[in-house]
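K.L.:
Structure supplied as protein.tsv; contents: TSV, C-alpha atoms and all ligand atoms.
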```tsv
chain	number	residue	atom	x	y	z
A	53	MET	CA	325.81	184.43	2.05
A	54	ALA	CA	327.00	187.48	0.17
A	55	LEU	CA	324.50	190.04	-1.00
A	56	LEU	CA	324.77	190.04	-4.77
A	57	MET	CA	323.84	193.33	-6.37
A	58	VAL	CA	322.32	193.63	-9.80
A	59	GLY	CA	321.49	196.73	-11.76
A	60	ALA	CA	318.43	198.80	-11.13
A	61	VAL	CA	315.47	197.60	-13.15
A	62	GLY	CA	313.44	200.82	-13.03
A	63	ALA	CA	314.01	203.71	-15.40
A	64	SER	CA	314.95	205.97	-12.50
A	65	VAL	CA	314.73	206.08	-8.76
A	66	PRO	CA	312.15	208.62	-7.58
A	67	ALA	CA	313.65	211.30	-5.42
A	68	ALA	CA	311.26	211.77	-2.56
A	69	SER	CA	307.65	211.42	-3.57
A	70	ALA	CA	305.71	208.39	-2.40
A	71	ASP	CA	302.94	208.95	-4.96
A	72	PRO	CA	302.38	207.34	-8.35
A	73	ALA	CA	303.82	209.38	-11.20
A	74	GLY	CA	300.48	210.91	-12.17
A	75	VAL	CA	299.70	212.23	-8.69
A	76	ARG	CA	301.20	215.70	-8.58
A	77	ARG	CA	300.30	216.49	-4.99
A	78	THR	CA	298.85	214.70	-1.99
A	79	LEU	CA	297.44	216.77	0.84
A	80	ASP	CA	296.36	214.26	3.46
A	81	TRP	CA	297.98	216.28	6.25
A	82	GLU	CA	300.09	213.30	7.36
A	83	ASP	CA	303.32	214.98	6.22
A	84	SER	CA	304.35	217.36	9.01
A	85	ALA	CA	305.62	219.83	6.40
A	86	ASP	CA	302.00	220.36	5.32
A	87	ARG	CA	300.72	221.09	8.83
A	88	VAL	CA	301.48	224.80	8.65
A	89	LEU	CA	297.88	225.97	9.11
A	90	PRO	CA	296.64	228.48	10.13
A	91	ALA	CA	299.76	230.62	9.71
A	92	ALA	CA	300.30	229.66	6.09
A	93	ALA	CA	299.03	227.44	3.29
A	94	PRO	CA	300.95	224.25	2.48
A	95	SER	CA	303.72	224.48	-0.09
A	96	GLY	CA	302.35	225.17	-3.56
A	97	PHE	CA	299.05	226.61	-2.31
A	98	GLY	CA	297.75	230.04	-1.36
A	99	LYS	CA	296.08	231.21	1.84
A	100	GLN	CA	292.60	232.73	1.79
A	101	TRP	CA	291.49	233.11	5.39
A	102	ALA	CA	291.91	235.89	7.90
A	103	THR	CA	291.33	234.28	11.30
A	104	SER	CA	293.20	231.91	13.60
A	105	TYR	CA	290.46	229.30	13.13
A	106	GLY	CA	289.88	229.72	9.37
A	107	ALA	CA	291.99	226.70	8.41
A	108	THR	CA	293.68	224.43	10.93
A	109	THR	CA	294.75	220.82	11.18
A	110	THR	CA	292.77	218.52	13.43
A	111	THR	CA	292.99	215.03	14.86
A	112	SER	CA	289.36	214.87	15.98
A	113	SER	CA	287.91	213.64	12.68
A	114	VAL	CA	290.07	212.21	9.90
A	115	ARG	CA	289.43	210.32	6.67
A	116	ASP	CA	292.87	208.73	6.68
A	117	GLY	CA	295.89	208.65	8.94
A	118	SER	CA	295.94	210.91	11.98
A	119	TYR	CA	295.22	214.39	10.63
A	120	ALA	CA	292.73	216.31	8.52
A	121	ALA	CA	292.09	219.95	7.71
A	122	ARG	CA	289.39	221.82	9.59
A	123	PHE	CA	287.80	224.90	8.08
A	124	GLU	CA	285.71	227.36	10.03
A	125	LEU	CA	283.97	230.45	8.72
A	126	ARG	CA	281.87	232.85	10.78
A	127	LYS	CA	279.45	235.38	9.43
A	128	ASN	CA	281.32	238.29	11.00
A	129	ASP	CA	284.77	237.21	9.76
A	130	PRO	CA	286.76	239.79	7.79
A	131	VAL	CA	286.33	239.87	4.05
A	132	VAL	CA	289.02	237.94	2.18
A	133	SER	CA	289.49	238.42	-1.56
A	134	SER	CA	286.24	240.41	-1.82
A	135	SER	CA	284.02	237.93	0.04
A	136	LYS	CA	283.54	235.64	3.04
A	137	ARG	CA	285.79	232.65	2.70
A	138	ALA	CA	288.24	230.28	4.34
A	139	GLU	CA	289.87	228.54	1.41
A	140	ILE	CA	293.13	226.98	0.34
A	141	THR	CA	293.83	227.75	-3.28
A	142	GLN	CA	295.96	226.21	-5.95
A	143	ARG	CA	298.15	228.63	-7.88
A	144	ASP	CA	296.76	230.05	-11.10
A	145	ASP	CA	299.34	228.16	-13.12
A	146	GLN	CA	297.38	225.38	-14.80
A	147	PRO	CA	298.30	224.86	-18.45
A	148	LEU	CA	295.77	225.23	-21.21
A	149	ASP	CA	293.81	222.08	-22.11
A	150	ALA	CA	294.95	220.30	-18.95
A	151	GLU	CA	293.50	216.92	-18.00
A	152	ARG	CA	293.19	216.66	-14.25
A	153	TRP	CA	292.02	214.27	-11.51
A	154	TYR	CA	290.90	215.56	-8.11
A	155	GLY	CA	290.15	213.19	-5.21
A	156	PHE	CA	289.16	214.36	-1.73
A	157	SER	CA	286.89	213.59	1.18
A	158	ILE	CA	284.60	215.98	3.05
A	159	ASN	CA	282.99	215.57	6.45
A	160	LEU	CA	280.17	217.96	7.27
A	161	PRO	CA	279.64	217.79	11.04
A	162	PRO	CA	276.12	217.87	12.57
A	163	SER	CA	276.48	221.64	12.96
A	164	TRP	CA	276.20	221.91	9.15
A	165	THR	CA	272.47	222.57	9.43
A	166	TYR	CA	270.01	223.57	6.74
A	167	ASP	CA	270.58	226.99	5.26
A	168	ARG	CA	268.59	228.67	2.51
A	169	SER	CA	271.90	230.27	1.54
A	170	ALA	CA	274.47	228.17	-0.34
A	171	GLU	CA	278.16	227.67	0.20
A	172	ILE	CA	280.85	226.35	-2.11
A	173	VAL	CA	283.10	223.72	-0.54
A	174	SER	CA	285.29	222.98	-3.59
A	175	GLN	CA	285.58	225.02	-6.73
A	176	TRP	CA	287.48	225.20	-9.97
A	177	HIS	CA	288.14	228.85	-10.62
A	178	GLN	CA	288.77	230.30	-14.05
A	179	CYS	CA	292.20	231.85	-14.51
A	180	ASP	CA	292.64	235.38	-13.22
A	181	THR	CA	294.12	237.43	-16.04
A	182	GLN	CA	292.95	237.56	-19.67
A	183	CYS	CA	290.18	235.20	-18.57
A	184	PRO	CA	286.37	235.35	-18.48
A	185	SER	CA	284.93	236.89	-15.32
A	186	GLY	CA	281.90	235.70	-13.39
A	187	SER	CA	281.15	232.50	-11.51
A	188	PRO	CA	283.64	229.62	-11.57
A	189	PRO	CA	282.95	227.07	-14.33
A	190	LEU	CA	282.66	224.24	-11.79
A	191	ALA	CA	281.81	224.12	-8.09
A	192	LEU	CA	280.65	221.66	-5.47
A	193	LEU	CA	278.02	223.28	-3.24
A	194	THR	CA	275.85	222.63	-0.30
A	195	ASP	CA	272.54	224.45	-0.58
A	196	GLU	CA	269.20	223.99	1.19
A	197	GLY	CA	270.40	220.75	2.79
A	198	ARG	CA	271.59	219.20	-0.46
A	199	TRP	CA	274.75	218.52	-2.44
A	200	LYS	CA	274.74	220.40	-5.73
A	201	ILE	CA	277.06	220.82	-8.68
A	202	ASP	CA	277.29	224.15	-10.47
A	203	PHE	CA	278.69	223.45	-13.93
A	204	LYS	CA	278.87	226.55	-16.09
A	205	GLY	CA	275.90	228.08	-14.28
A	206	LYS	CA	273.66	225.02	-14.50
A	207	ILE	CA	272.80	223.41	-11.17
A	208	THR	CA	272.63	219.62	-10.78
A	209	ASP	CA	271.01	218.45	-7.53
A	210	LEU	CA	272.76	215.36	-6.11
A	211	GLY	CA	270.34	214.89	-3.23
A	212	PRO	CA	270.42	215.54	0.51
A	213	TYR	CA	273.72	215.60	2.34
A	214	ALA	CA	274.33	213.58	5.48
A	215	THR	CA	276.29	215.03	8.38
A	216	GLY	CA	278.87	213.37	10.59
A	217	ALA	CA	280.19	211.09	7.83
A	218	TRP	CA	283.03	211.29	5.32
A	219	VAL	CA	281.94	211.58	1.70
A	220	ASP	CA	284.52	210.68	-0.94
A	221	TRP	CA	284.61	212.70	-4.14
A	222	VAL	CA	286.53	212.16	-7.37
A	223	PHE	CA	286.40	214.72	-10.19
A	224	HIS	CA	287.97	214.08	-13.58
A	225	VAL	CA	288.08	217.05	-15.91
A	226	THR	CA	289.58	217.68	-19.30
A	227	TRP	CA	289.67	221.45	-19.41
A	228	ARG	CA	288.70	222.49	-22.91
A	229	THR	CA	286.74	225.26	-24.55
A	230	ASP	CA	285.55	222.93	-27.32
A	231	SER	CA	283.64	219.67	-27.51
A	232	ALA	CA	286.72	217.68	-26.45
A	233	GLY	CA	286.02	218.70	-22.85
A	234	LEU	CA	285.08	216.07	-20.29
A	235	LEU	CA	283.63	216.22	-16.78
A	236	GLU	CA	283.16	213.12	-14.65
A	237	ILE	CA	282.16	213.09	-10.99
A	238	TRP	CA	281.95	210.21	-8.53
A	239	ARG	CA	280.56	210.31	-4.99
A	240	ASP	CA	281.48	207.40	-2.71
A	241	GLY	CA	282.52	205.36	-5.73
A	242	GLU	CA	279.33	205.94	-7.73
A	243	GLN	CA	279.43	208.07	-10.84
A	244	VAL	CA	276.92	210.88	-10.39
A	245	MET	CA	277.67	213.05	-13.40
A	246	ARG	CA	279.28	212.83	-16.85
A	247	ARG	CA	279.42	215.52	-19.53
A	248	THR	CA	281.31	215.67	-22.81
A	249	GLU	CA	281.37	219.32	-23.83
A	250	ALA	CA	283.36	222.49	-23.26
A	251	THR	CA	284.32	222.65	-19.60
A	252	HIS	CA	285.30	226.29	-19.26
A	253	GLY	CA	284.91	229.61	-20.97
A	254	GLY	CA	288.38	230.41	-22.17
A	255	GLY	CA	291.57	232.21	-21.29
A	256	PRO	CA	295.25	231.30	-21.58
A	257	ARG	CA	295.21	228.76	-18.72
A	258	SER	CA	292.97	226.01	-17.34
A	259	PRO	CA	290.94	226.61	-14.16
A	260	TYR	CA	292.63	226.07	-10.81
A	261	PHE	CA	291.34	224.27	-7.73
A	262	LYS	CA	290.26	225.81	-4.42
A	263	PHE	CA	288.75	224.15	-1.38
A	264	GLY	CA	287.36	225.19	1.97
A	265	ILE	CA	284.29	227.29	2.72
A	266	TYR	CA	283.14	230.12	0.47
A	267	LYS	CA	279.86	231.76	1.48
A	268	TRP	CA	279.26	234.86	-0.56
A	269	ASP	CA	275.81	235.61	0.88
A	270	TRP	CA	277.43	236.57	4.19
A	271	ALA	CA	279.25	239.35	2.38
A	272	THR	CA	276.27	240.67	0.46
A	273	GLY	CA	273.75	240.57	3.30
A	274	THR	CA	271.53	238.03	1.55
A	275	PRO	CA	269.35	236.20	4.11
A	276	SER	CA	271.02	233.19	5.72
A	277	ASP	CA	269.94	230.82	8.49
A	278	THR	CA	273.42	230.24	9.93
A	279	THR	CA	276.26	232.28	11.40
A	280	GLN	CA	279.01	229.65	11.57
A	281	ARG	CA	280.21	226.81	9.36
A	282	VAL	CA	282.75	224.11	10.30
A	283	MET	CA	283.93	221.43	7.89
A	284	HIS	CA	286.61	218.71	7.80
A	285	TYR	CA	288.58	217.96	4.64
A	286	ASP	CA	291.10	215.18	4.02
A	287	ALA	CA	292.75	212.86	1.50
A	288	LEU	CA	293.18	215.41	-1.28
A	289	ARG	CA	295.07	214.08	-4.28
A	290	LEU	CA	295.65	216.07	-7.44
A	291	GLY	CA	296.49	214.04	-10.53
A	292	ASP	CA	297.31	214.76	-14.14
A	293	GLU	CA	296.58	212.89	-17.37
A	294	ARG	CA	298.75	209.97	-16.23
A	295	ALA	CA	296.64	209.38	-13.11
A	296	THR	CA	293.78	206.94	-12.67
A	297	TYR	CA	290.67	206.92	-10.54
A	298	ALA	CA	292.38	204.63	-8.04
A	299	ASP	CA	295.39	206.94	-7.85
A	300	VAL	CA	293.35	209.83	-6.44
A	301	SER	CA	290.40	208.08	-4.78
A	302	PRO	CA	290.26	208.52	-1.00
A	303	VAL	CA	289.49	204.79	-0.85
A	304	ARG	CA	292.85	203.07	-0.65
A	305	THR	CA	292.65	199.38	-1.43
A	306	CYS	CA	295.63	197.07	-1.20
A	307	GLY	CA	296.55	196.15	-4.73
A	308	ARG	CA	298.57	198.94	-6.25
A	309	ASP	CA	301.58	197.29	-7.86
A	310	ILE	CA	304.59	199.33	-6.79
A	311	SER	CA	307.44	199.16	-9.26
A	312	PRO	CA	310.77	198.30	-7.67
A	313	ALA	CA	313.76	200.51	-8.34
A	314	GLY	CA	316.12	197.60	-7.86
A	315	VAL	CA	316.22	193.92	-7.00
A	316	THR	CA	318.88	191.79	-5.35
A	317	ALA	CA	319.15	188.30	-3.93
A	318	THR	CA	321.20	186.62	-1.23
A	319	THR	CA	322.10	183.94	-3.75
A	320	TYR	CA	321.34	183.00	-7.35
A	321	GLU	CA	322.48	180.84	-10.23
A	322	PRO	CA	323.83	182.82	-13.20
A	323	ALA	CA	321.18	181.54	-15.59
A	324	ASN	CA	318.39	182.80	-13.32
A	325	PRO	CA	319.36	186.17	-11.81
A	326	PRO	CA	317.13	188.25	-9.51
A	327	ALA	CA	316.14	190.70	-12.27
A	328	ASN	CA	314.18	187.83	-13.86
A	329	ALA	CA	311.72	188.04	-10.97
A	330	VAL	CA	310.61	191.55	-11.92
A	331	ASP	CA	310.69	191.47	-15.72
A	332	GLY	CA	306.96	190.91	-16.14
A	333	ASN	CA	307.58	187.54	-17.76
A	334	LEU	CA	306.26	184.38	-16.10
A	335	THR	CA	308.63	182.20	-18.14
A	336	THR	CA	311.79	183.70	-16.60
A	337	ARG	CA	312.75	183.25	-12.95
A	338	TRP	CA	315.12	183.95	-10.13
A	339	SER	CA	316.53	180.75	-8.66
A	340	GLY	CA	318.58	180.59	-5.49
A	341	GLN	CA	319.55	177.51	-3.57
A	342	GLY	CA	319.21	176.87	0.12
A	343	PHE	CA	317.21	177.32	3.28
A	344	GLY	CA	316.57	181.07	3.61
A	345	ALA	CA	317.48	182.03	0.04
A	346	SER	CA	316.00	185.51	-0.31
A	347	LEU	CA	314.88	187.96	-2.96
A	348	ILE	CA	314.99	191.63	-1.95
A	349	LEU	CA	312.96	194.32	-3.71
A	350	ASP	CA	314.08	197.92	-3.24
A	351	LEU	CA	311.33	200.45	-3.96
A	352	GLY	CA	313.75	203.38	-4.04
A	353	VAL	CA	311.80	205.37	-1.45
A	354	GLN	CA	309.67	204.50	1.52
A	355	ARG	CA	306.14	203.57	0.45
A	356	HIS	CA	302.92	202.65	2.21
A	357	LEU	CA	302.93	198.89	1.65
A	358	CYS	CA	300.33	196.26	2.31
A	359	GLY	CA	301.37	192.97	0.71
A	360	THR	CA	303.14	191.00	-1.97
A	361	ALA	CA	302.15	189.03	-5.05
A	362	VAL	CA	304.49	186.14	-5.79
A	363	ALA	CA	304.42	183.65	-8.67
A	364	TRP	CA	306.45	180.46	-8.25
A	365	HIS	CA	308.19	178.31	-10.85
A	366	ARG	CA	306.22	175.04	-11.02
A	367	GLY	CA	303.78	176.77	-8.67
A	368	ASP	CA	300.97	174.52	-9.89
A	369	LEU	CA	302.92	171.38	-8.98
A	370	ARG	CA	304.44	172.20	-5.60
A	371	TRP	CA	303.92	174.53	-2.67
A	372	ASN	CA	306.61	176.77	-1.23
A	373	ASP	CA	307.05	177.88	2.35
A	374	TYR	CA	308.18	181.48	2.59
A	375	THR	CA	308.30	184.53	4.79
A	376	VAL	CA	307.94	188.18	3.83
A	377	TYR	CA	309.90	190.85	5.70
A	378	ALA	CA	309.78	194.65	5.39
A	379	SER	CA	312.47	197.17	6.21
A	380	GLN	CA	312.93	200.91	6.14
A	381	ASP	CA	316.74	200.86	5.92
A	382	GLY	CA	317.60	197.54	4.29
A	383	THR	CA	319.28	196.38	7.48
A	384	THR	CA	316.60	195.84	10.10
A	385	TYR	CA	313.74	193.69	8.85
A	386	SER	CA	310.40	192.86	10.46
A	387	LYS	CA	308.32	189.82	9.59
A	388	VAL	CA	305.07	190.89	7.91
A	389	TRP	CA	303.78	187.58	6.56
A	390	ALA	CA	304.63	183.89	6.76
A	391	GLY	CA	302.97	180.94	5.09
A	392	ARG	CA	302.79	178.56	2.15
A	393	SER	CA	301.88	179.10	-1.48
A	394	SER	CA	298.87	177.16	-2.78
A	395	GLY	CA	300.73	174.72	-5.00
A	396	THR	CA	297.87	174.96	-7.49
A	397	THR	CA	298.80	177.87	-9.77
A	398	THR	CA	301.68	179.46	-11.64
A	399	ALA	CA	299.94	182.86	-11.41
A	400	PRO	CA	300.94	185.48	-8.81
A	401	GLU	CA	299.39	184.85	-5.39
A	402	ARG	CA	298.69	187.77	-3.08
A	403	ALA	CA	299.75	187.76	0.54
A	404	LEU	CA	298.56	190.75	2.56
A	405	PHE	CA	300.68	191.82	5.52
A	406	THR	CA	299.33	190.07	8.59
A	407	ASP	CA	299.28	193.16	10.79
A	408	GLY	CA	298.14	195.59	8.09
A	409	PRO	CA	299.92	198.19	6.00
A	410	ARG	CA	303.25	199.65	7.00
A	411	ASP	CA	305.77	202.13	5.63
A	412	ALA	CA	308.88	200.50	4.20
A	413	ARG	CA	311.35	200.74	1.36
A	414	TYR	CA	312.65	197.16	1.19
A	415	VAL	CA	310.72	193.91	0.99
A	416	LYS	CA	312.48	190.57	1.43
A	417	ILE	CA	310.95	187.25	0.39
A	418	ALA	CA	312.73	184.37	2.14
A	419	PHE	CA	312.31	180.76	0.98
A	420	TRP	CA	312.33	177.83	3.38
A	421	GLY	CA	311.38	174.81	1.35
A	422	ASN	CA	309.21	172.94	-1.12
A	423	PRO	CA	308.39	169.22	-1.51
A	424	GLU	CA	310.77	168.72	-4.46
A	425	ASN	CA	314.10	170.33	-3.64
A	426	ASP	CA	315.91	173.17	-1.84
A	427	TRP	CA	315.70	175.69	-4.67
A	428	ALA	CA	313.77	178.95	-4.41
A	429	SER	CA	312.41	179.71	-7.88
A	430	ILE	CA	310.24	182.80	-8.24
A	431	THR	CA	309.01	183.75	-11.71
A	432	GLU	CA	307.55	187.12	-10.66
A	433	ALA	CA	307.47	189.05	-7.39
A	434	ALA	CA	305.59	192.30	-6.82
A	435	VAL	CA	305.03	194.59	-3.87
A	436	LEU	CA	301.53	195.91	-3.23
A	437	GLY	CA	300.82	199.33	-1.82
A	438	LEU	CA	297.95	201.60	-0.94
B	1	CA	CA	294.69	212.50	6.78
B	2	CA	CA	310.03	186.69	-14.70
```
Give the structure from the file, written as structure tokens.
Ligand SMILES: [Ca+2]
Ligand SMILES: [Ca+2]
P.N.:
Amino acid sequence: MALLMVGAVGASVPAASADPAGVRRTLDWEDSADRVLPAAAPSGFGKQWATSYGATTTTSSVRDGSYAARFELRKNDPVVSSSKRAEITQRDDQPLDAERWYGFSINLPPSWTYDRSAEIVSQWHQCDTQCPSGSPPLALLTDEGRWKIDFKGKITDLGPYATGAWVDWVFHVTWRTDSAGLLEIWRDGEQVMRRTEATHGGGPRSPYFKFGIYKWDWATGTPSDTTQRVMHYDALRLGDERATYADVSPVRTCGRDISPAGVTATTYEPANPPANAVDGNLTTRWSGQGFGASLILDLGVQRHLCGTAVAWHRGDLRWNDYTVYASQDGTTYSKVWAGRSSGTTTAPERALFTDGPRDARYVKIAFWGNPENDWASITEAAVLGL
């Protein structure tokens, strides 16, 4: 059977990023290009530590994948940027009135004991030139054994922190100096704060994000009960106004519909070409005849995939036996699911990869038979990712 090519159905093929369009940067430390600590900060970020242990990558405790960042700050460490800190900082290049999503996960190990002195573990710093001075407009703190939010100088107590566990945070901020500002915060999926008011004090740019350990009391000599802090940080995703909660949340559930950049089939009848299977219309279909007739979705780049959702023509009247394969190169395919559709619905039916998520660019859906005839007829096919 010849491979019949049809035109790309997406607007454009993404160049290299594996993130949804609204996610501007992922820092989950799984990309080897980001594992440049402690010598340097990852691309696009600045370095604010002075020791060999200030910021490193670790495999000992991770939120996702195989790597996380590990921050360590000691009381006697050199002063960095006028204080005691081990932080990775975004550039001060955020446009005015920016809407931003920030998702990340923090693990405070058991050594993160009670201290009467606070530390900031994530902060949103006002811009540096022509901008108001003073404390950052927004910060996530630990203080006296508790999580706290400092929003424009007002402290909100979120209750005691637990150690030895990952805590997922999502912040959604519309940076405004007027009443159109918005601040939303979720901890482990639960919204813990919402404000609709000005979110910062002014200047020509929006605040920028920094994360790590910042403990100013160690620089000023204010009493403190600790001399060392170690923290793990992972699954950072920075999104813009196009992003959603799910796009940046450290919780990755299988269900993200990944738009294909192109679709082909091993065979089809002219009236029902492969593009009909990805047009969002359940009344149009791809139809190809024969045992093993296959639809192939090309995602344009390798993505972290976890399943498919397939809707069958006459899917409420007959079942279909099919197999799903995944491939990185479009040549070598591995079986990721095999089974039978329900025969009770024309709606898309999800099939999650039997052995869990995998990285792939191509997904092939191969038809083996139904009780009526030897035609594969798929009205819609989608690939699910994390
Ligand atoms: Ca990771
Ligand atoms: Ca269709």
K.L.:
Return as lines of an AutoDock Vina configuration file the centre and edge lengths, in Å with one decimal, of the box along x, y and z that encloses every atom of region 271-279 of chain A in the file, padded by 5 Å per side.
P.N.:
```
center_x = 274.3
center_y = 235.5
center_z = 5.9
size_x = 19.9
size_y = 20.4
size_z = 20.9
```
K.L.:
Report as a list in words which protein, DNA and RNA residues come within 10 Å of ligand CA 1 (chain B), using all atoms listed in the file.
P.N.:
Thr78, Leu79, Asp80, Trp81, Glu82, Asp83, Thr109, Thr110, Thr111, Ser113, Val114, Arg115, Asp116, Gly117, Ser118, Tyr119, Ala120, Ala121, Ser157, Tyr285, Asp286, Ala287, Leu288 and Pro302 of chain A
K.L.:
How would the residues just chosen look if you wrote them out with C-alpha atoms as a CSV table (one decimal), keeping the file's coordinate frame?
P.N.:
```csv
chain,number,residue,atom,x,y,z
A,78,THR,CA,298.8,214.7,-2.0
A,79,LEU,CA,297.4,216.8,0.8
A,80,ASP,CA,296.4,214.3,3.5
A,81,TRP,CA,298.0,216.3,6.2
A,82,GLU,CA,300.1,213.3,7.4
A,83,ASP,CA,303.3,215.0,6.2
A,109,THR,CA,294.8,220.8,11.2
A,110,THR,CA,292.8,218.5,13.4
A,111,THR,CA,293.0,215.0,14.9
A,113,SER,CA,287.9,213.6,12.7
A,114,VAL,CA,290.1,212.2,9.9
A,115,ARG,CA,289.4,210.3,6.7
A,116,ASP,CA,292.9,208.7,6.7
A,117,GLY,CA,295.9,208.6,8.9
A,118,SER,CA,295.9,210.9,12.0
A,119,TYR,CA,295.2,214.4,10.6
A,120,ALA,CA,292.7,216.3,8.5
A,121,ALA,CA,292.1,220.0,7.7
A,157,SER,CA,286.9,213.6,1.2
A,285,TYR,CA,288.6,218.0,4.6
A,286,ASP,CA,291.1,215.2,4.0
A,287,ALA,CA,292.8,212.9,1.5
A,288,LEU,CA,293.2,215.4,-1.3
A,302,PRO,CA,290.3,208.5,-1.0
```
K.L.:
For Ser163 (chain A), which of A:Thr318, A:Thr336, A:Thr406, A:Thr215 is the closest residue, counting all atoms listed in the file?
P.N.:
A:Thr215
K.L.:
List every residue of chain A that has an atom at most 6 Å from any atom of ligand CA 2 (chain B), giving for each one its closest atom pair and the distance in Å to one decimal, counting all atoms listed in the file, sorted by chain and then by ascending residue number, as a tab-separated table.
P.N.:
```
residue	atom	partner	partner_atom	distance
A:Asn328	CA	B:CA2	CA	4.4
A:Ala329	CA	B:CA2	CA	4.3
A:Val330	CA	B:CA2	CA	5.6
A:Asp331	CA	B:CA2	CA	4.9
A:Gly332	CA	B:CA2	CA	5.4
A:Asn333	CA	B:CA2	CA	4.0
A:Leu334	CA	B:CA2	CA	4.6
A:Thr335	CA	B:CA2	CA	5.8
A:Thr336	CA	B:CA2	CA	4.0
A:Arg337	CA	B:CA2	CA	4.7
A:Thr431	CA	B:CA2	CA	4.3
A:Glu432	CA	B:CA2	CA	4.8
```
K.L.:
Pick out the closest residue to His356 (chain A) from this set: A:Pro326, A:Pro275, A:Pro72, A:Gly382. Count all atoms listed in the file.
P.N.:
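With all atoms listed in the file as the atom set, the closest residue is A:Pro72.
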K.L.:
Report the distance between CA of Met283 (chain A) and CA of Gly98 (chain A) in Å, rounded to one decimal place.
P.N.:
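The value is 18.7 Å.
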K.L.:
Got a sec to check which residues sit within 12 Å of (285.3, 239.7, 0.5), counting all atoms listed in the file, and write them as a PDB file with C-alpha atoms, in the coordinates of the input?
P.N.:
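Done, and the output landed in result08.pdb:
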```
ATOM      1  CA  GLN A 100     292.600 232.730   1.790  1.00  0.00           C
ATOM      2  CA  TRP A 101     291.490 233.110   5.390  1.00  0.00           C
ATOM      3  CA  ALA A 102     291.910 235.890   7.900  1.00  0.00           C
ATOM      4  CA  LYS A 127     279.450 235.380   9.430  1.00  0.00           C
ATOM      5  CA  ASN A 128     281.320 238.290  11.000  1.00  0.00           C
ATOM      6  CA  ASP A 129     284.770 237.210   9.760  1.00  0.00           C
ATOM      7  CA  PRO A 130     286.760 239.790   7.790  1.00  0.00           C
ATOM      8  CA  VAL A 131     286.330 239.870   4.050  1.00  0.00           C
ATOM      9  CA  VAL A 132     289.020 237.940   2.180  1.00  0.00           C
ATOM     10  CA  SER A 133     289.490 238.420  -1.560  1.00  0.00           C
ATOM     11  CA  SER A 134     286.240 240.410  -1.820  1.00  0.00           C
ATOM     12  CA  SER A 135     284.020 237.930   0.040  1.00  0.00           C
ATOM     13  CA  LYS A 136     283.540 235.640   3.040  1.00  0.00           C
ATOM     14  CA  ARG A 137     285.790 232.650   2.700  1.00  0.00           C
ATOM     15  CA  ALA A 138     288.240 230.280   4.340  1.00  0.00           C
ATOM     16  CA  TYR A 266     283.140 230.120   0.470  1.00  0.00           C
ATOM     17  CA  LYS A 267     279.860 231.760   1.480  1.00  0.00           C
ATOM     18  CA  TRP A 268     279.260 234.860  -0.560  1.00  0.00           C
ATOM     19  CA  ASP A 269     275.810 235.610   0.880  1.00  0.00           C
ATOM     20  CA  TRP A 270     277.430 236.570   4.190  1.00  0.00           C
ATOM     21  CA  ALA A 271     279.250 239.350   2.380  1.00  0.00           C
ATOM     22  CA  THR A 272     276.270 240.670   0.460  1.00  0.00           C
ATOM     23  CA  GLY A 273     273.750 240.570   3.300  1.00  0.00           C
TER      24      GLY A 273
END
```
K.L.:
Quick one: residues within 9 Å of Ser379 (chain A), all atoms listed in the file, excluding same-chain residues fewer than 2 positions away - as a PyMOL selection string?
P.N.:
chain A and resi 377+381-386+411-416
K.L.:
List the neighbours of Leu125 (chain A) out to 7 Å using only C-alpha atoms; skip same-chain residues closer than 5 positions along the sequence, and give me the result as number ranges by chain.
P.N.:
A: 106, 137-138, 265, 280-282
K.L.:
Please provide as a compact mmCIF listing (two decimals) with C-alpha atoms, keeping the file's coordinate frame all residues within 10 Å of region 185-201 of chain A, with the sequence filter that same-chain residues fewer than 3 positions apart are discarded (counting all atoms listed in the file).
P.N.:
```
# COMPACT_ATOMS: atom_id res chain seq x y z
CA LEU A 160 280.17 217.96 7.27
CA TRP A 164 276.20 221.91 9.15
CA THR A 165 272.47 222.57 9.43
CA TYR A 166 270.01 223.57 6.74
CA ASP A 167 270.58 226.99 5.26
CA ARG A 168 268.59 228.67 2.51
CA SER A 169 271.90 230.27 1.54
CA ALA A 170 274.47 228.17 -0.34
CA GLU A 171 278.16 227.67 0.20
CA ILE A 172 280.85 226.35 -2.11
CA VAL A 173 283.10 223.72 -0.54
CA SER A 174 285.29 222.98 -3.59
CA GLN A 175 285.58 225.02 -6.73
CA TRP A 176 287.48 225.20 -9.97
CA HIS A 177 288.14 228.85 -10.62
CA GLN A 178 288.77 230.30 -14.05
CA CYS A 179 292.20 231.85 -14.51
CA ASP A 180 292.64 235.38 -13.22
CA THR A 181 294.12 237.43 -16.04
CA GLN A 182 292.95 237.56 -19.67
CA LYS A 204 278.87 226.55 -16.09
CA GLY A 205 275.90 228.08 -14.28
CA LYS A 206 273.66 225.02 -14.50
CA ILE A 207 272.80 223.41 -11.17
CA THR A 208 272.63 219.62 -10.78
CA ASP A 209 271.01 218.45 -7.53
CA LEU A 210 272.76 215.36 -6.11
CA GLY A 211 270.34 214.89 -3.23
CA PRO A 212 270.42 215.54 0.51
CA TYR A 213 273.72 215.60 2.34
CA ALA A 214 274.33 213.58 5.48
CA THR A 215 276.29 215.03 8.38
CA TRP A 221 284.61 212.70 -4.14
CA VAL A 225 288.08 217.05 -15.91
CA LEU A 235 283.63 216.22 -16.78
CA ILE A 237 282.16 213.09 -10.99
CA MET A 245 277.67 213.05 -13.40
CA THR A 251 284.32 222.65 -19.60
CA HIS A 252 285.30 226.29 -19.26
CA GLY A 253 284.91 229.61 -20.97
CA PRO A 259 290.94 226.61 -14.16
CA TYR A 260 292.63 226.07 -10.81
CA PHE A 261 291.34 224.27 -7.73
CA LYS A 262 290.26 225.81 -4.42
CA PHE A 263 288.75 224.15 -1.38
CA ILE A 265 284.29 227.29 2.72
CA TYR A 266 283.14 230.12 0.47
CA LYS A 267 279.86 231.76 1.48
```
